[in-house]
Each structure stands twice: as structure tokens, then as C-alpha cells.
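A.B. asks: Below is the file entry-v9.cif, with mmCIF, C-alpha atoms.
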```cif
data_run
loop_
_atom_site.label_atom_id
_atom_site.label_comp_id
_atom_site.auth_asym_id
_atom_site.auth_seq_id
_atom_site.Cartn_x
_atom_site.Cartn_y
_atom_site.Cartn_z
CA MET A 1 20.01 1.56 -4.07
CA ILE A 2 16.52 0.38 -4.99
CA GLU A 3 15.42 -2.60 -2.91
CA VAL A 4 12.82 -5.20 -3.79
CA VAL A 5 10.89 -5.86 -0.58
CA ASP A 6 9.43 -9.34 -0.12
CA ILE A 7 6.52 -9.30 2.30
CA GLU A 8 6.81 -12.91 3.43
CA GLU A 9 10.57 -12.63 3.86
CA LYS A 10 10.06 -9.61 6.13
CA LEU A 11 7.24 -11.30 8.06
CA ALA A 12 9.53 -14.27 8.74
CA GLN A 13 11.79 -11.93 10.73
CA PHE A 14 9.39 -11.34 13.62
CA SER A 15 6.56 -13.09 15.40
CA ALA A 16 5.28 -10.88 18.23
CA PRO A 17 1.79 -9.47 17.62
CA TRP A 18 0.93 -5.75 17.68
CA GLN A 19 4.48 -4.64 16.99
CA PRO A 20 4.60 -2.97 13.58
CA LYS A 21 7.91 -2.94 11.70
CA ILE A 22 8.80 -0.44 9.00
CA VAL A 23 9.59 -2.12 5.69
CA GLY A 24 9.33 0.71 3.19
CA GLN A 25 8.42 4.30 2.46
CA VAL A 26 6.78 6.19 -0.38
CA ASN A 27 6.84 9.98 -0.04
CA ASP A 28 5.65 10.73 3.53
CA THR A 29 3.90 7.38 3.90
CA LEU A 30 5.50 4.51 5.76
CA VAL A 31 4.82 0.90 4.82
CA LYS A 32 4.65 -1.25 7.94
CA LEU A 33 4.01 -4.92 8.56
CA VAL A 34 2.27 -6.11 11.68
CA ARG A 35 0.85 -9.33 13.07
CA PHE A 36 -2.54 -9.10 14.73
CA GLN A 37 -3.57 -11.69 17.31
CA GLY A 38 -6.18 -11.16 20.01
CA ASP A 39 -7.69 -7.75 20.78
CA PHE A 40 -5.87 -4.42 20.48
CA VAL A 41 -7.08 -1.23 22.20
CA TRP A 42 -9.73 1.28 21.19
CA HIS A 43 -8.07 4.42 19.87
CA HIS A 44 -8.16 7.02 17.13
CA HIS A 45 -5.66 9.21 15.33
CA GLU A 46 -6.23 12.96 15.47
CA ARG A 47 -4.87 13.83 12.06
CA GLU A 48 -3.79 10.69 10.21
CA ASP A 49 -5.80 8.25 8.12
CA GLU A 50 -4.62 4.65 8.33
CA LEU A 51 -4.88 1.93 5.67
CA PHE A 52 -4.97 -1.77 6.62
CA PHE A 53 -4.28 -4.29 3.84
CA VAL A 54 -4.63 -7.96 4.83
CA VAL A 55 -1.76 -10.04 3.50
CA ARG A 56 -2.76 -13.29 5.22
CA GLY A 57 -5.66 -14.35 7.47
CA ARG A 58 -8.53 -12.07 8.45
CA PHE A 59 -9.35 -9.61 11.21
CA THR A 60 -12.30 -7.71 12.57
CA MET A 61 -12.17 -3.93 12.76
CA LYS A 62 -14.44 -2.93 15.63
CA LEU A 63 -16.03 0.45 15.02
CA ARG A 64 -18.45 2.32 17.26
CA ASP A 65 -21.25 1.75 14.76
CA GLY A 66 -20.52 -1.90 13.95
CA ASP A 67 -17.85 -4.44 13.14
CA VAL A 68 -16.24 -4.97 9.73
CA VAL A 69 -14.37 -8.13 8.70
CA ILE A 70 -11.36 -7.70 6.39
CA GLU A 71 -10.05 -10.77 4.57
CA ALA A 72 -6.79 -11.49 2.73
CA GLY A 73 -6.59 -9.39 -0.44
CA GLN A 74 -8.84 -6.67 0.99
CA PHE A 75 -8.10 -3.31 2.56
CA ILE A 76 -9.88 -0.70 4.64
CA THR A 77 -9.03 2.93 5.33
CA ILE A 78 -9.88 4.34 8.74
CA PRO A 79 -10.22 8.13 8.50
CA HIS A 80 -8.62 10.28 11.16
CA GLY A 81 -10.84 10.87 14.16
CA VAL A 82 -12.68 7.54 13.83
CA GLU A 83 -12.39 5.28 16.87
CA HIS A 84 -11.38 1.74 16.00
CA CYS A 85 -10.12 -1.45 17.61
CA PRO A 86 -8.56 -4.24 15.50
CA CYS A 87 -9.14 -7.79 16.74
CA ALA A 88 -8.05 -11.14 15.30
CA ALA A 89 -9.31 -14.48 16.58
CA GLU A 90 -6.39 -16.12 14.76
CA GLU A 91 -3.14 -14.60 13.60
CA CYS A 92 -3.51 -12.12 10.77
CA CYS A 93 -0.69 -10.42 8.83
CA VAL A 94 -1.38 -6.84 7.80
CA MET A 95 0.38 -4.21 5.71
CA LEU A 96 -0.22 -0.74 7.18
CA LEU A 97 0.09 2.53 5.29
CA GLU A 98 0.29 5.63 7.43
CA PRO A 99 2.42 8.74 7.93
CA ALA A 100 5.69 8.56 9.81
CA THR A 101 4.05 10.57 12.59
CA THR A 102 1.40 7.93 13.41
CA LEU A 103 1.61 6.37 16.87
CA ASN A 104 0.30 2.79 16.97
CA THR A 105 -2.09 3.45 19.86
CA GLY A 106 -3.17 6.88 18.55
CA ASN A 107 -4.59 9.05 21.32
CA VAL A 108 -4.02 6.33 23.93
CA ARG A 109 -0.73 5.69 25.68
CA ASN A 110 -0.34 2.40 27.50
CA GLU A 111 1.89 -0.65 27.68
CA ARG A 112 1.25 -1.32 24.01
CA THR A 113 2.44 2.07 22.82
CA LEU A 114 5.58 1.91 20.70
CA GLU A 115 7.41 5.22 20.45
CA ARG A 116 9.98 3.96 17.97
CA LEU A 117 9.50 1.23 15.41
CA GLU A 118 12.16 -1.12 14.16
CA ARG A 119 13.03 -0.89 10.46
CA LEU A 120 13.60 -4.26 8.79
CA MET B 121 -19.15 5.16 5.21
CA ILE B 122 -16.11 2.90 5.55
CA GLU B 123 -15.71 0.55 2.57
CA VAL B 124 -13.88 -2.75 2.48
CA VAL B 125 -12.04 -2.81 -0.86
CA ASP B 126 -11.45 -6.22 -2.44
CA ILE B 127 -8.53 -6.15 -4.86
CA GLU B 128 -9.66 -9.03 -7.05
CA GLU B 129 -13.22 -7.71 -7.22
CA LYS B 130 -11.87 -4.36 -8.45
CA LEU B 131 -9.49 -5.99 -10.93
CA ALA B 132 -12.40 -7.92 -12.42
CA GLN B 133 -13.95 -4.58 -13.46
CA PHE B 134 -11.36 -3.73 -16.11
CA SER B 135 -8.99 -5.49 -18.48
CA ALA B 136 -7.07 -2.89 -20.52
CA PRO B 137 -3.36 -2.65 -19.64
CA TRP B 138 -1.59 0.55 -18.56
CA GLN B 139 -4.79 2.24 -17.40
CA PRO B 140 -4.63 2.73 -13.63
CA LYS B 141 -7.91 2.96 -11.71
CA ILE B 142 -8.26 4.63 -8.32
CA VAL B 143 -9.59 2.25 -5.66
CA GLY B 144 -8.73 4.00 -2.42
CA GLN B 145 -6.99 6.82 -0.64
CA VAL B 146 -5.05 7.24 2.60
CA ASN B 147 -4.15 10.83 3.48
CA ASP B 148 -2.66 12.36 0.28
CA THR B 149 -1.78 8.97 -1.20
CA LEU B 150 -3.97 7.32 -3.81
CA VAL B 151 -4.26 3.55 -4.09
CA LYS B 152 -4.50 2.53 -7.74
CA LEU B 153 -4.75 -0.80 -9.51
CA VAL B 154 -3.24 -1.34 -12.92
CA ARG B 155 -2.61 -4.19 -15.31
CA PHE B 156 0.81 -4.30 -16.95
CA GLN B 157 1.28 -6.12 -20.25
CA GLY B 158 4.05 -5.42 -22.75
CA ASP B 159 6.39 -2.44 -22.45
CA PHE B 160 5.44 0.98 -21.06
CA VAL B 161 7.48 4.14 -21.72
CA TRP B 162 10.63 5.45 -20.08
CA HIS B 163 9.74 8.32 -17.75
CA HIS B 164 10.36 9.81 -14.35
CA HIS B 165 8.40 11.86 -11.84
CA GLU B 166 9.88 15.19 -10.83
CA ARG B 167 8.64 15.24 -7.25
CA GLU B 168 6.74 12.06 -6.44
CA ASP B 169 7.99 8.66 -5.31
CA GLU B 170 5.96 5.73 -6.60
CA LEU B 171 5.42 2.34 -4.95
CA PHE B 172 4.64 -0.77 -7.05
CA PHE B 173 3.22 -3.79 -5.17
CA VAL B 174 2.70 -6.91 -7.30
CA VAL B 175 -0.66 -8.52 -6.58
CA ARG B 176 -0.43 -11.20 -9.29
CA GLY B 177 2.21 -12.19 -11.85
CA ARG B 178 5.59 -10.50 -12.19
CA PHE B 179 7.13 -7.61 -14.07
CA THR B 180 10.52 -6.16 -14.88
CA MET B 181 11.33 -2.61 -13.85
CA LYS B 182 13.90 -1.35 -16.32
CA LEU B 183 16.24 1.16 -14.74
CA ARG B 184 19.15 2.97 -16.36
CA ASP B 185 21.62 0.96 -14.28
CA GLY B 186 19.97 -2.46 -14.65
CA ASP B 187 16.71 -4.38 -14.58
CA VAL B 188 14.87 -5.52 -11.45
CA VAL B 189 12.22 -8.27 -11.41
CA ILE B 190 9.34 -7.86 -8.96
CA GLU B 191 7.22 -10.92 -8.16
CA ALA B 192 3.81 -11.34 -6.52
CA GLY B 193 4.01 -10.38 -2.83
CA GLN B 194 6.91 -8.00 -3.43
CA PHE B 195 7.11 -4.25 -3.83
CA ILE B 196 9.56 -1.65 -5.03
CA THR B 197 9.67 2.11 -4.49
CA ILE B 198 10.99 4.27 -7.31
CA PRO B 199 12.26 7.57 -5.89
CA HIS B 200 11.36 10.80 -7.66
CA GLY B 201 13.79 11.73 -10.41
CA VAL B 202 14.70 8.11 -11.22
CA GLU B 203 14.00 7.08 -14.79
CA HIS B 204 12.12 3.82 -15.08
CA CYS B 205 10.17 1.72 -17.56
CA PRO B 206 7.89 -1.12 -16.37
CA CYS B 207 7.60 -4.11 -18.71
CA ALA B 208 5.65 -7.35 -18.34
CA ALA B 209 6.08 -10.32 -20.69
CA GLU B 210 2.78 -11.68 -19.36
CA GLU B 211 -0.03 -9.85 -17.65
CA CYS B 212 0.83 -8.56 -14.20
CA CYS B 213 -1.56 -6.92 -11.70
CA VAL B 214 -0.06 -4.14 -9.62
CA MET B 215 -1.19 -1.95 -6.73
CA LEU B 216 0.30 1.54 -7.05
CA LEU B 217 0.74 4.01 -4.21
CA GLU B 218 1.43 7.57 -5.25
CA PRO B 219 0.17 11.11 -4.64
CA ALA B 220 -2.97 12.36 -6.34
CA THR B 221 -0.78 14.68 -8.41
CA THR B 222 1.15 11.87 -10.14
CA LEU B 223 0.70 11.56 -13.91
CA ASN B 224 1.09 7.97 -15.19
CA THR B 225 3.70 8.92 -17.80
CA GLY B 226 5.54 11.36 -15.54
CA ASN B 227 7.57 13.88 -17.52
CA VAL B 228 6.46 12.36 -20.84
CA ARG B 229 3.18 13.13 -22.57
CA ASN B 230 2.07 10.81 -25.32
CA GLU B 231 -0.84 8.62 -26.36
CA ARG B 232 -0.55 6.67 -23.11
CA THR B 233 -0.89 9.71 -20.88
CA LEU B 234 -4.09 9.68 -18.80
CA GLU B 235 -5.03 13.08 -17.44
CA ARG B 236 -7.94 11.78 -15.39
CA LEU B 237 -8.25 8.35 -13.85
CA GLU B 238 -11.47 6.47 -13.29
CA ARG B 239 -12.40 5.75 -9.69
CA LEU B 240 -13.87 2.28 -9.12
#
```
Represent the structure of the file as C-alpha cells.
C.D. replies:
Amino acid sequence: MIEVVDIEEKLAQFSAPWQPKIVGQVNDTLVKLVRFQGDFVWHHHEREDELFFVVRGRFTMKLRDGDVVIEAGQFITIPHGVEHCPCAAEECCVMLLEPATTLNTGNVRNERTLERLERL
Amino acid sequence: MIEVVDIEEKLAQFSAPWQPKIVGQVNDTLVKLVRFQGDFVWHHHEREDELFFVVRGRFTMKLRDGDVVIEAGQFITIPHGVEHCPCAAEECCVMLLEPATTLNTGNVRNERTLERLERL
């Protein structure tokens, strides 16, 4: 059964920020949707690169050597090992591409760590 | 060097249909942009799943058991082994996610086969 996935229809199903939901898969890569609002936590991923595609709004990716702003219709790939901290002054909707093994808080475990993600 | 990739800015750099360009990478997955217009060829990929995200316009994915229409803001994943043929009555801009090893015409080789893709 081949499903057509509608991004806005999936986004309408949740509102809490920083809680990625799985909405698709291609080979070993999961497609996740997440709402950013406020500041996340500094972290990195040991082995996995992470792609952030902005569906709606904008966010700032804080990096140790400077900030980068990503607008709707743009994406950025953060290579493994690179410390980063996403921040959004206003709500921003993002499509994430990363392996199934990627933990949202990377090398950090705190109250924002999600061990299992919901699949919409 | 971490680059912010702007989809529309990349799309403005080419106009020919059915000629995917590489615009990014995340782990082993390439991010490609392609313009669809008219009918492509029936094919399948032996080992690789392929994700089609519509950036602008709409297209029909012909499948052996029926057609599926994918609109802007929607995506579809075609599992490996599944025969498919993308068709677009009017121009449609698509973001493709697939492994670096994926050939555009899959198991078919003809005048539309592209052995090497340009990287924008």
C-alpha cells in the first residue's frame, strides 16, 4: 500500500514543540516532522548527519562558529560530530531526514530526550 | 562549510525536464531536484526506495495497480521493485531522496538515462 503523505495534514495532528513524529521512510532514512519553538539544547550526533528542511516559518541554527538562519523552502545538513542548537523565535515547522538510529538530543540525555517517536 | 540550500534558487539554475541535479546529501542519501513535464518511462529500482516530494505543481505516478496524484506539499515513497512511471501534464518541480547509487531510469537504459548527475 503506497501512501501519499500530506505534510500539512500531518502537522495538523500535533502541536507540541520539539517532539518529532515519523511520517515516512526511504531506505534507512526516516522522514520526521517537528515544530520548533523557543530554544532546544546544544548537542551533536556521533555518527549521523541530519537534514533540516523548513516547511513553514524560519529558525536559527546556532553553531559554535556562528549562527545560520534557515527560511521556508531552504534546507541545511548538519554533519555528524558538529555541535548545533536549533532555536525559533516564532513557531517553525521542519521536515527532518535522519537515520532511524538518531536520538533527538544526540549525545545529551535530558528531559527533552525522546527514546521512541510516534508514527503518524 | 555548512551551506543553506534554497530550493527555488537551485531550480532557477536549470529548465530541462527529467534531468535531476544533486543539491545536497545526508548520510548515504542524495537530495536531488528535478522538473517533470510529459511522460517518463516505466522502470523500477532493484534495491533502492525512492521518495518524491512535490515542491511545486502536481504529477501523476502511474503504478501497475492504479494511478496516484501527488500535489505540492505531499510526498510518496516508491519501494524498490515496484514499477512506476511519473507523468506531469504541466511542469512539476520535485525533490527526490534516493541513494547515490540510484540510476534515474532504474532497470531501463535508454536515451533518458543519465549516468552522471550535475551537482549544483
A.B. asks: Present chain B as a PDB file with C-alpha atoms, keeping the file's coordinate frame, least-squares fitted onto chain A over all of its C-alpha atoms paired in order.
C.D. replies:
```
ATOM      1  CA  MET B 121      20.017   1.608  -4.109  1.00  0.00           C
ATOM      2  CA  ILE B 122      16.525   0.405  -5.019  1.00  0.00           C
ATOM      3  CA  GLU B 123      15.432  -2.590  -2.921  1.00  0.00           C
ATOM      4  CA  VAL B 124      12.835  -5.183  -3.803  1.00  0.00           C
ATOM      5  CA  VAL B 125      10.905  -5.837  -0.580  1.00  0.00           C
ATOM      6  CA  ASP B 126       9.420  -9.311  -0.136  1.00  0.00           C
ATOM      7  CA  ILE B 127       6.514  -9.286   2.302  1.00  0.00           C
ATOM      8  CA  GLU B 128       6.801 -12.897   3.419  1.00  0.00           C
ATOM      9  CA  GLU B 129      10.568 -12.629   3.848  1.00  0.00           C
ATOM     10  CA  LYS B 130      10.047  -9.616   6.130  1.00  0.00           C
ATOM     11  CA  LEU B 131       7.238 -11.300   8.065  1.00  0.00           C
ATOM     12  CA  ALA B 132       9.512 -14.263   8.744  1.00  0.00           C
ATOM     13  CA  GLN B 133      11.802 -11.921  10.722  1.00  0.00           C
ATOM     14  CA  PHE B 134       9.401 -11.337  13.611  1.00  0.00           C
ATOM     15  CA  SER B 135       6.574 -13.108  15.399  1.00  0.00           C
ATOM     16  CA  ALA B 136       5.282 -10.896  18.236  1.00  0.00           C
ATOM     17  CA  PRO B 137       1.787  -9.473  17.633  1.00  0.00           C
ATOM     18  CA  TRP B 138       0.916  -5.762  17.696  1.00  0.00           C
ATOM     19  CA  GLN B 139       4.481  -4.645  16.997  1.00  0.00           C
ATOM     20  CA  PRO B 140       4.600  -2.963  13.586  1.00  0.00           C
ATOM     21  CA  LYS B 141       7.909  -2.962  11.702  1.00  0.00           C
ATOM     22  CA  ILE B 142       8.801  -0.447   9.002  1.00  0.00           C
ATOM     23  CA  VAL B 143       9.602  -2.115   5.673  1.00  0.00           C
ATOM     24  CA  GLY B 144       9.337   0.727   3.192  1.00  0.00           C
ATOM     25  CA  GLN B 145       8.428   4.305   2.470  1.00  0.00           C
ATOM     26  CA  VAL B 146       6.787   6.198  -0.386  1.00  0.00           C
ATOM     27  CA  ASN B 147       6.847   9.987  -0.047  1.00  0.00           C
ATOM     28  CA  ASP B 148       5.657  10.745   3.532  1.00  0.00           C
ATOM     29  CA  THR B 149       3.901   7.393   3.899  1.00  0.00           C
ATOM     30  CA  LEU B 150       5.503   4.511   5.759  1.00  0.00           C
ATOM     31  CA  VAL B 151       4.832   0.900   4.820  1.00  0.00           C
ATOM     32  CA  LYS B 152       4.663  -1.249   7.946  1.00  0.00           C
ATOM     33  CA  LEU B 153       4.003  -4.920   8.560  1.00  0.00           C
ATOM     34  CA  VAL B 154       2.269  -6.117  11.684  1.00  0.00           C
ATOM     35  CA  ARG B 155       0.853  -9.325  13.074  1.00  0.00           C
ATOM     36  CA  PHE B 156      -2.550  -9.093  14.737  1.00  0.00           C
ATOM     37  CA  GLN B 157      -3.592 -11.687  17.308  1.00  0.00           C
ATOM     38  CA  GLY B 158      -6.199 -11.148  20.015  1.00  0.00           C
ATOM     39  CA  ASP B 159      -7.708  -7.742  20.772  1.00  0.00           C
ATOM     40  CA  PHE B 160      -5.880  -4.409  20.496  1.00  0.00           C
ATOM     41  CA  VAL B 161      -7.092  -1.217  22.207  1.00  0.00           C
ATOM     42  CA  TRP B 162      -9.747   1.286  21.199  1.00  0.00           C
ATOM     43  CA  HIS B 163      -8.076   4.429  19.862  1.00  0.00           C
ATOM     44  CA  HIS B 164      -8.167   7.023  17.137  1.00  0.00           C
ATOM     45  CA  HIS B 165      -5.658   9.206  15.324  1.00  0.00           C
ATOM     46  CA  GLU B 166      -6.219  12.942  15.483  1.00  0.00           C
ATOM     47  CA  ARG B 167      -4.862  13.812  12.054  1.00  0.00           C
ATOM     48  CA  GLU B 168      -3.784  10.685  10.200  1.00  0.00           C
ATOM     49  CA  ASP B 169      -5.796   8.242   8.106  1.00  0.00           C
ATOM     50  CA  GLU B 170      -4.614   4.646   8.317  1.00  0.00           C
ATOM     51  CA  LEU B 171      -4.870   1.931   5.658  1.00  0.00           C
ATOM     52  CA  PHE B 172      -4.976  -1.775   6.632  1.00  0.00           C
ATOM     53  CA  PHE B 173      -4.279  -4.297   3.835  1.00  0.00           C
ATOM     54  CA  VAL B 174      -4.640  -7.957   4.845  1.00  0.00           C
ATOM     55  CA  VAL B 175      -1.761 -10.040   3.512  1.00  0.00           C
ATOM     56  CA  ARG B 176      -2.761 -13.293   5.242  1.00  0.00           C
ATOM     57  CA  GLY B 177      -5.666 -14.352   7.466  1.00  0.00           C
ATOM     58  CA  ARG B 178      -8.529 -12.071   8.465  1.00  0.00           C
ATOM     59  CA  PHE B 179      -9.374  -9.637  11.225  1.00  0.00           C
ATOM     60  CA  THR B 180     -12.325  -7.722  12.594  1.00  0.00           C
ATOM     61  CA  MET B 181     -12.182  -3.945  12.775  1.00  0.00           C
ATOM     62  CA  LYS B 182     -14.455  -2.934  15.622  1.00  0.00           C
ATOM     63  CA  LEU B 183     -16.029   0.447  15.017  1.00  0.00           C
ATOM     64  CA  ARG B 184     -18.459   2.316  17.247  1.00  0.00           C
ATOM     65  CA  ASP B 185     -21.266   1.749  14.743  1.00  0.00           C
ATOM     66  CA  GLY B 186     -20.537  -1.909  13.943  1.00  0.00           C
ATOM     67  CA  ASP B 187     -17.859  -4.456  13.132  1.00  0.00           C
ATOM     68  CA  VAL B 188     -16.236  -4.967   9.728  1.00  0.00           C
ATOM     69  CA  VAL B 189     -14.356  -8.132   8.709  1.00  0.00           C
ATOM     70  CA  ILE B 190     -11.368  -7.698   6.396  1.00  0.00           C
ATOM     71  CA  GLU B 191     -10.048 -10.774   4.581  1.00  0.00           C
ATOM     72  CA  ALA B 192      -6.787 -11.488   2.751  1.00  0.00           C
ATOM     73  CA  GLY B 193      -6.592  -9.392  -0.434  1.00  0.00           C
ATOM     74  CA  GLN B 194      -8.829  -6.681   1.009  1.00  0.00           C
ATOM     75  CA  PHE B 195      -8.103  -3.325   2.583  1.00  0.00           C
ATOM     76  CA  ILE B 196      -9.874  -0.715   4.645  1.00  0.00           C
ATOM     77  CA  THR B 197      -9.021   2.925   5.328  1.00  0.00           C
ATOM     78  CA  ILE B 198      -9.874   4.338   8.739  1.00  0.00           C
ATOM     79  CA  PRO B 199     -10.223   8.124   8.490  1.00  0.00           C
ATOM     80  CA  HIS B 200      -8.618  10.296  11.152  1.00  0.00           C
ATOM     81  CA  GLY B 201     -10.848  10.882  14.154  1.00  0.00           C
ATOM     82  CA  VAL B 202     -12.664   7.539  13.815  1.00  0.00           C
ATOM     83  CA  GLU B 203     -12.388   5.292  16.843  1.00  0.00           C
ATOM     84  CA  HIS B 204     -11.393   1.748  16.008  1.00  0.00           C
ATOM     85  CA  CYS B 205     -10.130  -1.445  17.612  1.00  0.00           C
ATOM     86  CA  PRO B 206      -8.584  -4.236  15.490  1.00  0.00           C
ATOM     87  CA  CYS B 207      -9.144  -7.785  16.750  1.00  0.00           C
ATOM     88  CA  ALA B 208      -8.050 -11.120  15.292  1.00  0.00           C
ATOM     89  CA  ALA B 209      -9.301 -14.475  16.598  1.00  0.00           C
ATOM     90  CA  GLU B 210      -6.394 -16.121  14.769  1.00  0.00           C
ATOM     91  CA  GLU B 211      -3.149 -14.604  13.609  1.00  0.00           C
ATOM     92  CA  CYS B 212      -3.521 -12.117  10.784  1.00  0.00           C
ATOM     93  CA  CYS B 213      -0.698 -10.420   8.833  1.00  0.00           C
ATOM     94  CA  VAL B 214      -1.372  -6.843   7.804  1.00  0.00           C
ATOM     95  CA  MET B 215       0.384  -4.206   5.711  1.00  0.00           C
ATOM     96  CA  LEU B 216      -0.201  -0.741   7.180  1.00  0.00           C
ATOM     97  CA  LEU B 217       0.104   2.528   5.289  1.00  0.00           C
ATOM     98  CA  GLU B 218       0.282   5.629   7.430  1.00  0.00           C
ATOM     99  CA  PRO B 219       2.409   8.748   7.918  1.00  0.00           C
ATOM    100  CA  ALA B 220       5.690   8.572   9.793  1.00  0.00           C
ATOM    101  CA  THR B 221       4.066  10.586  12.581  1.00  0.00           C
ATOM    102  CA  THR B 222       1.428   7.947  13.412  1.00  0.00           C
ATOM    103  CA  LEU B 223       1.633   6.358  16.868  1.00  0.00           C
ATOM    104  CA  ASN B 224       0.309   2.764  16.962  1.00  0.00           C
ATOM    105  CA  THR B 225      -2.085   3.457  19.846  1.00  0.00           C
ATOM    106  CA  GLY B 226      -3.165   6.864  18.553  1.00  0.00           C
ATOM    107  CA  ASN B 227      -4.581   9.050  21.312  1.00  0.00           C
ATOM    108  CA  VAL B 228      -4.020   6.331  23.931  1.00  0.00           C
ATOM    109  CA  ARG B 229      -0.725   5.671  25.676  1.00  0.00           C
ATOM    110  CA  ASN B 230      -0.340   2.401  27.502  1.00  0.00           C
ATOM    111  CA  GLU B 231       1.888  -0.658  27.673  1.00  0.00           C
ATOM    112  CA  ARG B 232       1.252  -1.341  23.988  1.00  0.00           C
ATOM    113  CA  THR B 233       2.429   2.062  22.822  1.00  0.00           C
ATOM    114  CA  LEU B 234       5.602   1.896  20.707  1.00  0.00           C
ATOM    115  CA  GLU B 235       7.414   5.205  20.454  1.00  0.00           C
ATOM    116  CA  ARG B 236       9.988   3.939  17.978  1.00  0.00           C
ATOM    117  CA  LEU B 237       9.495   1.210  15.421  1.00  0.00           C
ATOM    118  CA  GLU B 238      12.165  -1.136  14.160  1.00  0.00           C
ATOM    119  CA  ARG B 239      13.031  -0.887  10.481  1.00  0.00           C
ATOM    120  CA  LEU B 240      13.611  -4.249   8.782  1.00  0.00           C
TER     121      LEU B 240
END
```
A.B. asks: Name every residue that the PyMOL selection byres ((chain B) within 6 of (chain A)) selects in this structure, writing the answer as a PyMOL selection string with chains first and numbers rising.
C.D. replies: chain B and resi 124-127+146-147+169+193-196
A.B. asks: Let me see the file: selected residues, C-alpha atoms, as a PDB file, keeping the file's coordinate frame.
C.D. replies:
```pdb
ATOM      1  CA  VAL B 124     -13.880  -2.750   2.480  1.00  0.00           C
ATOM      2  CA  VAL B 125     -12.040  -2.810  -0.860  1.00  0.00           C
ATOM      3  CA  ASP B 126     -11.450  -6.220  -2.440  1.00  0.00           C
ATOM      4  CA  ILE B 127      -8.530  -6.150  -4.860  1.00  0.00           C
ATOM      5  CA  VAL B 146      -5.050   7.240   2.600  1.00  0.00           C
ATOM      6  CA  ASN B 147      -4.150  10.830   3.480  1.00  0.00           C
ATOM      7  CA  ASP B 169       7.990   8.660  -5.310  1.00  0.00           C
ATOM      8  CA  GLY B 193       4.010 -10.380  -2.830  1.00  0.00           C
ATOM      9  CA  GLN B 194       6.910  -8.000  -3.430  1.00  0.00           C
ATOM     10  CA  PHE B 195       7.110  -4.250  -3.830  1.00  0.00           C
ATOM     11  CA  ILE B 196       9.560  -1.650  -5.030  1.00  0.00           C
TER      12      ILE B 196
END
```
A.B. asks: Report, in Å to a single decimal, how far apart atom CA of Leu96 of chain A and atom CA of Gln19 of chain A are.
C.D. replies: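 About the pair atom CA of Gln19 of chain A and atom CA of Leu96 of chain A: they are 11.6 Å apart.
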A.B. asks: Might you spell out which residues the PyMOL selection byres ((chain A and resi 34) around 10) would select in the displayed file, as a list in words?
C.D. replies: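 In the shown coordinates, the PyMOL selection byres ((chain A and resi 34) around 10) covers Leu11, Phe14, Ser15, Ala16, Pro17, Trp18, Gln19, Pro20, Lys21, Ile22, Lys32, Leu33, Arg35, Phe36, Gln37, Phe52, Val54, Val55, Cys92, Cys93, Val94, Met95 and Leu96 of chain A.
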A.B. asks: Suppose you want the space between atom CA of Asn227 of chain B and atom CA of Phe179 of chain B; what is it in Å?
C.D. replies: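 That distance, rounded to one decimal, is 21.8 Å.
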A.B. asks: Work out how far atom CA of Trp162 of chain B is from atom CA of Pro206 of chain B, in Å to one decimal.
C.D. replies: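 Atom-to-atom, atom CA of Pro206 of chain B and atom CA of Trp162 of chain B are spaced 8.0 Å apart.
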A.B. asks: Would you pick out the contacts of Arg116 of chain A at 12 Å or less, using only C-alpha atoms, so that residues sharing its chain but fewer than 2 positions from it are not included, and give the list as a list of chain:residue names?
C.D. replies: A:Gln19, A:Pro20, A:Lys21, A:Ile22, A:Ala100, A:Thr101, A:Thr102, A:Leu103, A:Asn104, A:Arg112, A:Thr113, A:Leu114, A:Glu118, A:Arg119
